[in-house]
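**Q** Below is entry28.cif; it holds mmCIF, C-alpha atoms.
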```cif
data_coords
#
loop_
_atom_site.group_PDB
_atom_site.id
_atom_site.type_symbol
_atom_site.label_atom_id
_atom_site.label_comp_id
_atom_site.auth_asym_id
_atom_site.auth_seq_id
_atom_site.Cartn_x
_atom_site.Cartn_y
_atom_site.Cartn_z
ATOM 1 C CA ASP A 1 -7.533 -7.143 -10.602
ATOM 2 C CA ALA A 2 -3.995 -7.595 -9.413
ATOM 3 C CA LYS A 3 -1.527 -8.203 -12.212
ATOM 4 C CA THR A 4 0.776 -10.357 -10.131
ATOM 5 C CA THR A 5 0.833 -13.900 -8.775
ATOM 6 C CA GLN A 6 2.647 -14.823 -5.568
ATOM 7 C CA PRO A 7 2.767 -17.965 -3.437
ATOM 8 C CA PRO A 8 0.464 -17.567 -0.435
ATOM 9 C CA SER A 9 3.115 -18.482 2.119
ATOM 10 C CA MET A 10 6.798 -19.290 2.576
ATOM 11 C CA ASP A 11 9.144 -20.200 5.406
ATOM 12 C CA CYS A 12 12.783 -19.224 5.791
ATOM 13 C CA ALA A 13 15.355 -19.923 8.488
ATOM 14 C CA GLU A 14 16.718 -16.965 10.402
ATOM 15 C CA GLY A 15 20.037 -15.784 8.970
ATOM 16 C CA ARG A 16 19.416 -17.311 5.562
ATOM 17 C CA ALA A 17 18.457 -15.461 2.403
ATOM 18 C CA ALA A 18 14.734 -15.246 1.785
ATOM 19 C CA ASN A 19 13.807 -15.360 -1.893
ATOM 20 C CA LEU A 20 10.249 -14.290 -2.688
ATOM 21 C CA PRO A 21 9.034 -14.935 -6.245
ATOM 22 C CA CYS A 22 6.477 -12.959 -8.200
ATOM 23 C CA ASN A 23 4.975 -13.624 -11.618
ATOM 24 C CA HIS A 24 3.800 -10.700 -13.726
ATOM 25 C CA SER A 25 3.516 -12.211 -17.181
ATOM 26 C CA THR A 26 1.287 -9.444 -18.571
ATOM 27 C CA ILE A 27 3.546 -6.591 -17.525
ATOM 28 C CA SER A 28 3.856 -3.832 -20.097
ATOM 29 C CA GLY A 29 6.934 -1.885 -21.072
ATOM 30 C CA ASN A 30 6.195 1.162 -18.942
ATOM 31 C CA GLU A 31 5.222 -0.690 -15.781
ATOM 32 C CA TYR A 32 7.485 -0.912 -12.789
ATOM 33 C CA VAL A 33 7.611 -3.690 -10.217
ATOM 34 C CA TYR A 34 7.133 -2.511 -6.639
ATOM 35 C CA TRP A 35 7.529 -4.445 -3.421
ATOM 36 C CA TYR A 36 5.932 -3.560 -0.115
ATOM 37 C CA ARG A 37 5.614 -5.496 3.090
ATOM 38 C CA GLN A 38 3.126 -5.347 5.920
ATOM 39 C CA ILE A 39 3.958 -6.462 9.394
ATOM 40 C CA HIS A 40 0.908 -7.594 11.323
ATOM 41 C CA SER A 41 -1.585 -4.777 11.930
ATOM 42 C CA GLN A 42 0.789 -2.068 10.731
ATOM 43 C CA GLY A 43 0.750 0.063 7.586
ATOM 44 C CA PRO A 44 2.567 -1.310 4.542
ATOM 45 C CA GLN A 45 6.248 -0.429 4.200
ATOM 46 C CA TYR A 46 7.877 0.395 0.877
ATOM 47 C CA ILE A 47 10.839 -1.881 0.134
ATOM 48 C CA ILE A 48 12.093 -1.417 -3.410
ATOM 49 C CA HIS A 49 11.045 -0.974 -7.022
ATOM 50 C CA GLY A 50 12.576 -1.515 -10.459
ATOM 51 C CA LEU A 51 11.908 -1.451 -14.188
ATOM 52 C CA LYS A 52 14.431 -3.629 -16.008
ATOM 53 C CA ASN A 53 17.690 -3.679 -14.139
ATOM 54 C CA ASN A 54 18.336 -5.385 -10.856
ATOM 55 C CA GLU A 55 18.111 -3.051 -7.908
ATOM 56 C CA THR A 56 19.588 -3.119 -4.418
ATOM 57 C CA ASN A 57 19.072 -0.962 -1.382
ATOM 58 C CA GLU A 58 19.687 -1.276 2.330
ATOM 59 C CA MET A 59 16.663 -3.520 2.780
ATOM 60 C CA ALA A 60 16.667 -5.895 -0.159
ATOM 61 C CA SER A 61 17.611 -6.770 -3.718
ATOM 62 C CA LEU A 62 15.220 -7.028 -6.631
ATOM 63 C CA ILE A 63 16.040 -9.365 -9.489
ATOM 64 C CA ILE A 64 13.915 -8.956 -12.639
ATOM 65 C CA THR A 65 14.147 -11.528 -15.414
ATOM 66 C CA GLU A 66 15.233 -10.377 -18.842
ATOM 67 C CA ASP A 67 11.721 -10.848 -20.275
ATOM 68 C CA ARG A 68 10.347 -8.985 -17.231
ATOM 69 C CA LYS A 69 7.662 -11.601 -16.696
ATOM 70 C CA SER A 70 8.833 -12.450 -13.213
ATOM 71 C CA SER A 71 10.939 -11.098 -10.396
ATOM 72 C CA THR A 72 12.425 -12.147 -7.079
ATOM 73 C CA LEU A 73 12.781 -10.116 -3.920
ATOM 74 C CA ILE A 74 15.797 -11.154 -1.886
ATOM 75 C CA LEU A 75 16.233 -10.429 1.803
ATOM 76 C CA PRO A 76 19.904 -11.355 2.195
ATOM 77 C CA HIS A 77 19.992 -12.240 5.903
ATOM 78 C CA ALA A 78 16.471 -12.723 7.172
ATOM 79 C CA THR A 79 15.677 -11.899 10.786
ATOM 80 C CA LEU A 80 12.594 -12.652 12.861
ATOM 81 C CA ARG A 81 11.496 -9.044 12.301
ATOM 82 C CA ASP A 82 11.183 -9.769 8.573
ATOM 83 C CA THR A 83 8.122 -11.932 9.243
ATOM 84 C CA ALA A 84 5.397 -10.132 7.286
ATOM 85 C CA VAL A 85 3.136 -10.260 4.243
ATOM 86 C CA TYR A 86 5.093 -9.238 1.150
ATOM 87 C CA TYR A 87 3.259 -7.666 -1.768
ATOM 88 C CA CYS A 88 4.508 -7.497 -5.349
ATOM 89 C CA ILE A 89 2.755 -4.832 -7.427
ATOM 90 C CA VAL A 90 3.144 -3.670 -11.012
ATOM 91 C CA ARG A 91 2.393 -0.058 -11.780
ATOM 92 C CA GLU A 92 2.953 2.474 -14.500
ATOM 93 C CA MET A 93 5.430 5.086 -13.368
ATOM 94 C CA ASP A 94 3.223 7.711 -14.962
ATOM 95 C CA SER A 95 0.118 6.324 -13.331
ATOM 96 C CA ASN A 96 -1.631 9.052 -11.460
ATOM 97 C CA TYR A 97 -2.642 6.854 -8.637
ATOM 98 C CA GLN A 98 -3.449 3.520 -7.300
ATOM 99 C CA LEU A 99 -1.423 0.570 -6.356
ATOM 100 C CA ILE A 100 -3.408 -2.596 -7.093
ATOM 101 C CA TRP A 101 -2.657 -5.139 -4.410
ATOM 102 C CA GLY A 102 -2.972 -8.910 -4.539
ATOM 103 C CA ALA A 103 -3.029 -11.186 -1.533
ATOM 104 C CA GLY A 104 0.755 -11.215 -1.109
ATOM 105 C CA THR A 105 3.077 -13.841 0.356
ATOM 106 C CA LYS A 106 3.086 -14.506 4.074
ATOM 107 C CA LEU A 107 6.768 -14.954 4.917
ATOM 108 C CA ILE A 108 7.533 -16.623 8.235
ATOM 109 C CA ILE A 109 11.106 -16.470 9.504
ATOM 110 C CA LYS A 110 11.865 -19.368 11.811
ATOM 111 C CA PRO A 111 14.567 -19.344 14.509
ATOM 112 C CA GLU B 1 8.661 5.411 10.968
ATOM 113 C CA THR B 2 7.380 7.077 7.807
ATOM 114 C CA GLY B 3 6.277 10.385 9.300
ATOM 115 C CA VAL B 4 2.691 9.698 8.214
ATOM 116 C CA THR B 5 0.264 9.835 11.096
ATOM 117 C CA GLN B 6 -3.382 8.832 11.310
ATOM 118 C CA SER B 7 -6.081 9.418 13.865
ATOM 119 C CA PRO B 8 -7.826 7.902 15.614
ATOM 120 C CA THR B 9 -6.089 4.548 16.000
ATOM 121 C CA HIS B 10 -9.277 2.640 16.643
ATOM 122 C CA LEU B 11 -12.918 3.568 16.263
ATOM 123 C CA ILE B 12 -16.225 1.832 16.871
ATOM 124 C CA LYS B 13 -19.349 3.118 15.124
ATOM 125 C CA THR B 14 -22.895 1.967 14.634
ATOM 126 C CA ARG B 15 -24.439 1.141 11.275
ATOM 127 C CA GLY B 16 -25.875 4.264 9.650
ATOM 128 C CA GLN B 17 -23.541 6.670 11.418
ATOM 129 C CA GLN B 18 -20.918 8.866 9.784
ATOM 130 C CA VAL B 19 -17.175 8.824 10.453
ATOM 131 C CA THR B 20 -14.207 11.085 9.704
ATOM 132 C CA LEU B 21 -10.665 9.742 9.630
ATOM 133 C CA ARG B 22 -7.618 11.975 9.498
ATOM 134 C CA CYS B 23 -4.162 11.739 7.998
ATOM 135 C CA SER B 24 -1.095 13.949 8.199
ATOM 136 C CA SER B 25 1.315 13.367 5.351
ATOM 137 C CA GLN B 26 5.073 13.189 5.510
ATOM 138 C CA SER B 27 6.759 16.582 5.416
ATOM 139 C CA GLY B 28 7.092 17.836 1.850
ATOM 140 C CA HIS B 29 4.634 15.338 0.379
ATOM 141 C CA ASN B 30 1.719 16.828 -1.562
ATOM 142 C CA THR B 31 -0.215 13.677 -2.428
ATOM 143 C CA VAL B 32 -2.345 11.501 -0.177
ATOM 144 C CA SER B 33 -3.958 8.200 -1.120
ATOM 145 C CA TRP B 34 -6.520 6.323 0.944
ATOM 146 C CA TYR B 35 -6.942 2.551 1.036
ATOM 147 C CA GLN B 36 -9.365 0.166 2.715
ATOM 148 C CA GLN B 37 -7.993 -3.150 3.915
ATOM 149 C CA ALA B 38 -10.382 -5.886 4.996
ATOM 150 C CA LEU B 39 -9.047 -8.633 7.212
ATOM 151 C CA GLY B 40 -6.799 -11.045 5.334
ATOM 152 C CA GLN B 41 -6.838 -9.059 2.092
ATOM 153 C CA GLY B 42 -4.583 -6.571 0.374
ATOM 154 C CA PRO B 43 -5.435 -2.880 0.512
ATOM 155 C CA GLN B 44 -8.063 -1.575 -1.922
ATOM 156 C CA PHE B 45 -7.599 1.905 -3.387
ATOM 157 C CA ILE B 46 -10.319 4.400 -2.435
ATOM 158 C CA PHE B 47 -9.046 7.700 -3.861
ATOM 159 C CA GLN B 48 -6.082 10.011 -4.110
ATOM 160 C CA TYR B 49 -5.711 13.754 -3.544
ATOM 161 C CA TYR B 50 -3.019 15.832 -5.186
ATOM 162 C CA ARG B 51 -2.689 19.497 -4.251
ATOM 163 C CA GLU B 52 -6.195 19.560 -2.797
ATOM 164 C CA GLU B 53 -7.896 18.018 -5.846
ATOM 165 C CA GLU B 54 -9.174 14.462 -6.219
ATOM 166 C CA ASN B 55 -6.752 12.813 -8.597
ATOM 167 C CA GLY B 56 -8.247 9.371 -9.054
ATOM 168 C CA ARG B 57 -10.840 7.126 -7.500
ATOM 169 C CA GLY B 58 -11.302 3.410 -7.049
ATOM 170 C CA ASN B 59 -14.523 1.425 -7.064
ATOM 171 C CA PHE B 60 -16.081 2.912 -3.949
ATOM 172 C CA PRO B 61 -19.547 4.517 -3.664
ATOM 173 C CA PRO B 62 -20.035 8.278 -3.261
ATOM 174 C CA ARG B 63 -20.650 7.920 0.478
ATOM 175 C CA PHE B 64 -16.855 7.661 0.661
ATOM 176 C CA SER B 65 -15.571 11.197 0.260
ATOM 177 C CA GLY B 66 -12.440 13.094 1.081
ATOM 178 C CA LEU B 67 -10.678 16.370 1.474
ATOM 179 C CA GLN B 68 -7.136 17.592 1.317
ATOM 180 C CA PHE B 69 -6.118 20.782 3.064
ATOM 181 C CA PRO B 70 -3.533 23.435 2.097
ATOM 182 C CA ASN B 71 -1.010 21.819 4.443
ATOM 183 C CA TYR B 72 -1.641 18.538 2.527
ATOM 184 C CA SER B 73 -3.240 16.763 5.448
ATOM 185 C CA SER B 74 -6.352 14.849 4.494
ATOM 186 C CA GLU B 75 -9.666 13.509 5.725
ATOM 187 C CA LEU B 76 -11.680 10.482 4.697
ATOM 188 C CA ASN B 77 -15.402 10.707 5.380
ATOM 189 C CA VAL B 78 -17.755 7.774 5.223
ATOM 190 C CA ASN B 79 -21.505 8.323 5.471
ATOM 191 C CA ALA B 80 -24.241 5.817 6.216
ATOM 192 C CA LEU B 81 -21.840 3.253 7.599
ATOM 193 C CA GLU B 82 -22.435 -0.381 6.737
ATOM 194 C CA LEU B 83 -21.154 -3.474 8.508
ATOM 195 C CA ASP B 84 -18.873 -4.219 5.529
ATOM 196 C CA ASP B 85 -17.097 -0.909 6.092
ATOM 197 C CA SER B 86 -15.341 -2.515 9.031
ATOM 198 C CA ALA B 87 -11.683 -2.516 7.996
ATOM 199 C CA LEU B 88 -8.258 -0.990 8.446
ATOM 200 C CA TYR B 89 -8.134 2.367 6.674
ATOM 201 C CA LEU B 90 -4.707 3.350 5.467
ATOM 202 C CA CYS B 91 -3.436 6.610 4.141
ATOM 203 C CA ALA B 92 -0.244 6.932 2.155
ATOM 204 C CA SER B 93 1.637 10.064 1.230
ATOM 205 C CA SER B 94 3.932 10.634 -1.704
ATOM 206 C CA LEU B 95 5.668 13.439 -3.522
ATOM 207 C CA GLY B 96 4.073 14.367 -6.791
ATOM 208 C CA GLY B 97 0.861 13.170 -8.329
ATOM 209 C CA ARG B 98 2.440 10.424 -10.368
ATOM 210 C CA GLY B 99 4.435 7.348 -9.867
ATOM 211 C CA ARG B 100 6.264 7.970 -6.643
ATOM 212 C CA GLU B 101 6.667 5.441 -3.908
ATOM 213 C CA GLN B 102 4.006 5.792 -1.255
ATOM 214 C CA TYR B 103 4.681 5.892 2.469
ATOM 215 C CA PHE B 104 1.934 4.537 4.681
ATOM 216 C CA GLY B 105 0.625 5.531 8.050
ATOM 217 C CA PRO B 106 -0.232 2.973 10.739
ATOM 218 C CA GLY B 107 -3.911 2.934 9.821
ATOM 219 C CA THR B 108 -7.216 3.432 11.598
ATOM 220 C CA ARG B 109 -9.098 0.306 12.601
ATOM 221 C CA LEU B 110 -12.831 0.962 12.092
ATOM 222 C CA THR B 111 -15.394 -1.422 13.502
ATOM 223 C CA VAL B 112 -19.043 -0.987 12.519
ATOM 224 C CA THR B 113 -21.596 -2.759 14.694
#
```
Go through the file and emit its structure as structure tokens.

**A**
Amino acid sequence: DAKTTQPPSMDCAEGRAANLPCNHSTISGNEYVYWYRQIHSQGPQYIIHGLKNNETNEMASLIITEDRKSSTLILPHATLRDTAVYYCIVREMDSNYQLIWGAGTKLIIKP
Amino acid sequence: ETGVTQSPTHLIKTRGQQVTLRCSSQSGHNTVSWYQQALGQGPQFIFQYYREEENGRGNFPPRFSGLQFPNYSSELNVNALELDDSALYLCASSLGGRGREQYFGPGTRLTVT
């Protein structure tokens, strides 16, 4: 079973910051938080991952709470092309395999 | 573009038939994972291959089998197709057998009638 809980859907206005929440209250000390997104009918796209500290890359920022029980993915200036299903996944960095996916959040960017 | 390619793009098969799906990993990646994604659901892990050996398996029956070749490309074989096997099949490549971010191909859409 997926170890994360996400809202099923969210809207955001184009040009605004999109903030996608994720709860992972049972996360253990050696588990990372990963974010992927999937644009309709395409393969999932890696976005970002983190352990404790906040992370930023060219796509997004990841904010992890101090107790690590939740996190937020931030798309700073959402565009229509950011409309997708966003998946939050927790995974041991030493895990030899699988990502366990939940249902994700359907993010719709509105003009 | 991730550099991961899959073939064919779409496929229609009849119940009971066998199918082979192919995946070429990103250059330099030695690990391939396969996922099944039913409509409206997140991907479900089938298995992973690392340096030509199966490195982990999800809750799929033995009629789902795979191979990885010396160039790290991979095949997914499904025997005795069932209607519920209709799905998007995704392969993902990564570097190293553990804990690296995975890069996905575009998927193969399999329809079983």

**Q** Env of Ser24 (chain B): 10 Å cut, atoms = all atoms listed in the file, seq-sep filter 6 positions within chain, self excluded. Answer as a ChimeraX atom specification.

**A** /B:3-7,32,68-69,71-75,91-93,105

**Q** Quick one, how far is CA of Tyr87 (chain A) from CA of Ala17 (chain A)?

**A** 17.6 Å

**Q** Compute the chain B side of the contact with chain A at 8 Å, counting all atoms listed in the file, and hand it back as a list in words.

**A**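 Residues satisfying the distance criterion: Ser33, Gly40, Gln41, Gly42, Pro43, Gln44, Phe45, Phe47, Gln48, Asn55, Gly56, Gly58, Leu90, Gly97, Arg98, Gly99, Arg100, Glu101, Gln102, Tyr103, Phe104, Gly105, Pro106 and Gly107 of chain B.
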
**Q** Next, the residues of the selection above should be written as a PDB file, in the coordinates of the input with C-alpha atoms.

**A**
```pdb
ATOM      1  CA  SER B  33      -3.958   8.200  -1.120  1.00  0.00           C
ATOM      2  CA  GLY B  40      -6.799 -11.045   5.334  1.00  0.00           C
ATOM      3  CA  GLN B  41      -6.838  -9.059   2.092  1.00  0.00           C
ATOM      4  CA  GLY B  42      -4.583  -6.571   0.374  1.00  0.00           C
ATOM      5  CA  PRO B  43      -5.435  -2.880   0.512  1.00  0.00           C
ATOM      6  CA  GLN B  44      -8.063  -1.575  -1.922  1.00  0.00           C
ATOM      7  CA  PHE B  45      -7.599   1.905  -3.387  1.00  0.00           C
ATOM      8  CA  PHE B  47      -9.046   7.700  -3.861  1.00  0.00           C
ATOM      9  CA  GLN B  48      -6.082  10.011  -4.110  1.00  0.00           C
ATOM     10  CA  ASN B  55      -6.752  12.813  -8.597  1.00  0.00           C
ATOM     11  CA  GLY B  56      -8.247   9.371  -9.054  1.00  0.00           C
ATOM     12  CA  GLY B  58     -11.302   3.410  -7.049  1.00  0.00           C
ATOM     13  CA  LEU B  90      -4.707   3.350   5.467  1.00  0.00           C
ATOM     14  CA  GLY B  97       0.861  13.170  -8.329  1.00  0.00           C
ATOM     15  CA  ARG B  98       2.440  10.424 -10.368  1.00  0.00           C
ATOM     16  CA  GLY B  99       4.435   7.348  -9.867  1.00  0.00           C
ATOM     17  CA  ARG B 100       6.264   7.970  -6.643  1.00  0.00           C
ATOM     18  CA  GLU B 101       6.667   5.441  -3.908  1.00  0.00           C
ATOM     19  CA  GLN B 102       4.006   5.792  -1.255  1.00  0.00           C
ATOM     20  CA  TYR B 103       4.681   5.892   2.469  1.00  0.00           C
ATOM     21  CA  PHE B 104       1.934   4.537   4.681  1.00  0.00           C
ATOM     22  CA  GLY B 105       0.625   5.531   8.050  1.00  0.00           C
ATOM     23  CA  PRO B 106      -0.232   2.973  10.739  1.00  0.00           C
ATOM     24  CA  GLY B 107      -3.911   2.934   9.821  1.00  0.00           C
TER      25      GLY B 107
END
```

**Q** Is there a way to get, as a PDB file with C-alpha atoms, keeping the file's coordinate frame, all residues within 10 Å of the point (11.3, -14.1, -2.7) in file coordinates, counting all atoms listed in the file?

**A**
```pdb
ATOM      1  CA  GLN A   6       2.647 -14.823  -5.568  1.00  0.00           C
ATOM      2  CA  PRO A   7       2.767 -17.965  -3.437  1.00  0.00           C
ATOM      3  CA  MET A  10       6.798 -19.290   2.576  1.00  0.00           C
ATOM      4  CA  ALA A  17      18.457 -15.461   2.403  1.00  0.00           C
ATOM      5  CA  ALA A  18      14.734 -15.246   1.785  1.00  0.00           C
ATOM      6  CA  ASN A  19      13.807 -15.360  -1.893  1.00  0.00           C
ATOM      7  CA  LEU A  20      10.249 -14.290  -2.688  1.00  0.00           C
ATOM      8  CA  PRO A  21       9.034 -14.935  -6.245  1.00  0.00           C
ATOM      9  CA  CYS A  22       6.477 -12.959  -8.200  1.00  0.00           C
ATOM     10  CA  SER A  61      17.611  -6.770  -3.718  1.00  0.00           C
ATOM     11  CA  LEU A  62      15.220  -7.028  -6.631  1.00  0.00           C
ATOM     12  CA  ILE A  63      16.040  -9.365  -9.489  1.00  0.00           C
ATOM     13  CA  SER A  71      10.939 -11.098 -10.396  1.00  0.00           C
ATOM     14  CA  THR A  72      12.425 -12.147  -7.079  1.00  0.00           C
ATOM     15  CA  LEU A  73      12.781 -10.116  -3.920  1.00  0.00           C
ATOM     16  CA  ILE A  74      15.797 -11.154  -1.886  1.00  0.00           C
ATOM     17  CA  LEU A  75      16.233 -10.429   1.803  1.00  0.00           C
ATOM     18  CA  TYR A  86       5.093  -9.238   1.150  1.00  0.00           C
ATOM     19  CA  CYS A  88       4.508  -7.497  -5.349  1.00  0.00           C
ATOM     20  CA  THR A 105       3.077 -13.841   0.356  1.00  0.00           C
ATOM     21  CA  LEU A 107       6.768 -14.954   4.917  1.00  0.00           C
TER      22      LEU A 107
END
```

**Q** Using all atoms listed in the file, can you tell me which of B:Ser86, B:Thr108, B:Asn79, B:Thr2 comes closest to Gln17 (chain B)?

**A**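 Nearest candidate to Gln17 (chain B) out of B:Ser86, B:Thr108, B:Asn79, B:Thr2: B:Asn79.
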
**Q** Near Asn77 (chain B), within 6 Å and counting only C-alpha atoms, which residues show up once chain neighbours fewer than 2 positions away are dropped, as a list in words?

**A** Val19, Thr20, Phe64, Ser65 and Gly66 of chain B

**Q** For Arg81 (chain A), find every residue with an atom within 10 Å (counting only C-alpha atoms), except residues of its own chain fewer than 5 positions away, and show them as a list in words.

**A** Glu14, Ile39, Ile108 and Ile109 of chain A

**Q** Please provide as a PyMOL selection string all residues within 7 Å of Ala87 (chain B), with the sequence filter that same-chain residues fewer than 2 positions apart are discarded (counting only C-alpha atoms).

**A** chain B and resi 36-39+85+89+109-111

**Q** Find, counting all atoms listed in the file, the residue in A:Pro76, A:Gly15, A:Pro111, A:Gly29 that gets nearest to Thr56 (chain A).

**A**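 Comparing A:Pro76, A:Gly15, A:Pro111, A:Gly29 against Thr56 (chain A), the winner is A:Pro76.
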
**Q** Considering only C-alpha atoms, state which residue in the set A:Val90, A:Ser70, A:His77, A:Lys110 is at the smallest distance from Asn30 (chain A).

**A**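 For Asn30 (chain A), the nearest of the candidates is A:Val90.
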
**Q** Please indicate the distance in Å from CA of Leu67 (chain B) to CA of Thr9 (chain B), rounded to one decimal place.

**A**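 Value for the CA of Leu67 (chain B)-CA of Thr9 (chain B) distance: 19.3 Å.
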
**Q** Go ahead and compute the interatomic distance for CA of Ser25 (chain B) and CA of Pro62 (chain B), in Å to one decimal.

**A**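 Rounded to one decimal, the two atoms are 23.6 Å apart.
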
**Q** Between B:Leu95, B:Val112, B:Leu88, B:Ile46, single out the one closest to Gly16 (chain B), counting only C-alpha atoms.

**A**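 When distances to Gly16 (chain B) are compared using only C-alpha atoms, the smallest one comes from B:Val112.
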
**Q** Step by step, gather every atom of region 51-62 of chain B that the file lists, find the box along x, y and z that holds them, add 6 Å on each side, and finally give centre and edge lengths in Å to one decimal, as AutoDock Vina command-line options.

**A**
```
--center_x -11.4 --center_y 10.5 --center_z -5.9 --size_x 29.3 --size_y 30.1 --size_z 18.3
```

**Q** Give me the residues within 7 Å of region 24-27 of chain A as a list of chain:residue names, counting all atoms listed in the file and dropping any in the same chain fewer than 5 places off.

**A**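 After dropping sequence-adjacent residues, the list is A:Lys3, A:Thr4, A:Thr5, A:Lys69, A:Ser70.
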
**Q** Rank nothing, just name the residue among B:Asn59, B:Thr31, B:Thr113, B:Ser94 nearest to Lys13 (chain B), using all atoms listed in the file.

**A**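 Comparing B:Asn59, B:Thr31, B:Thr113, B:Ser94 against Lys13 (chain B), the winner is B:Thr113.
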
**Q** Could you check the closest approach to Leu83 (chain B) for each of B:Pro8, B:Thr14, B:Gly28, B:Phe60 and tell me which residue wins, using all atoms listed in the file?

**A** B:Thr14
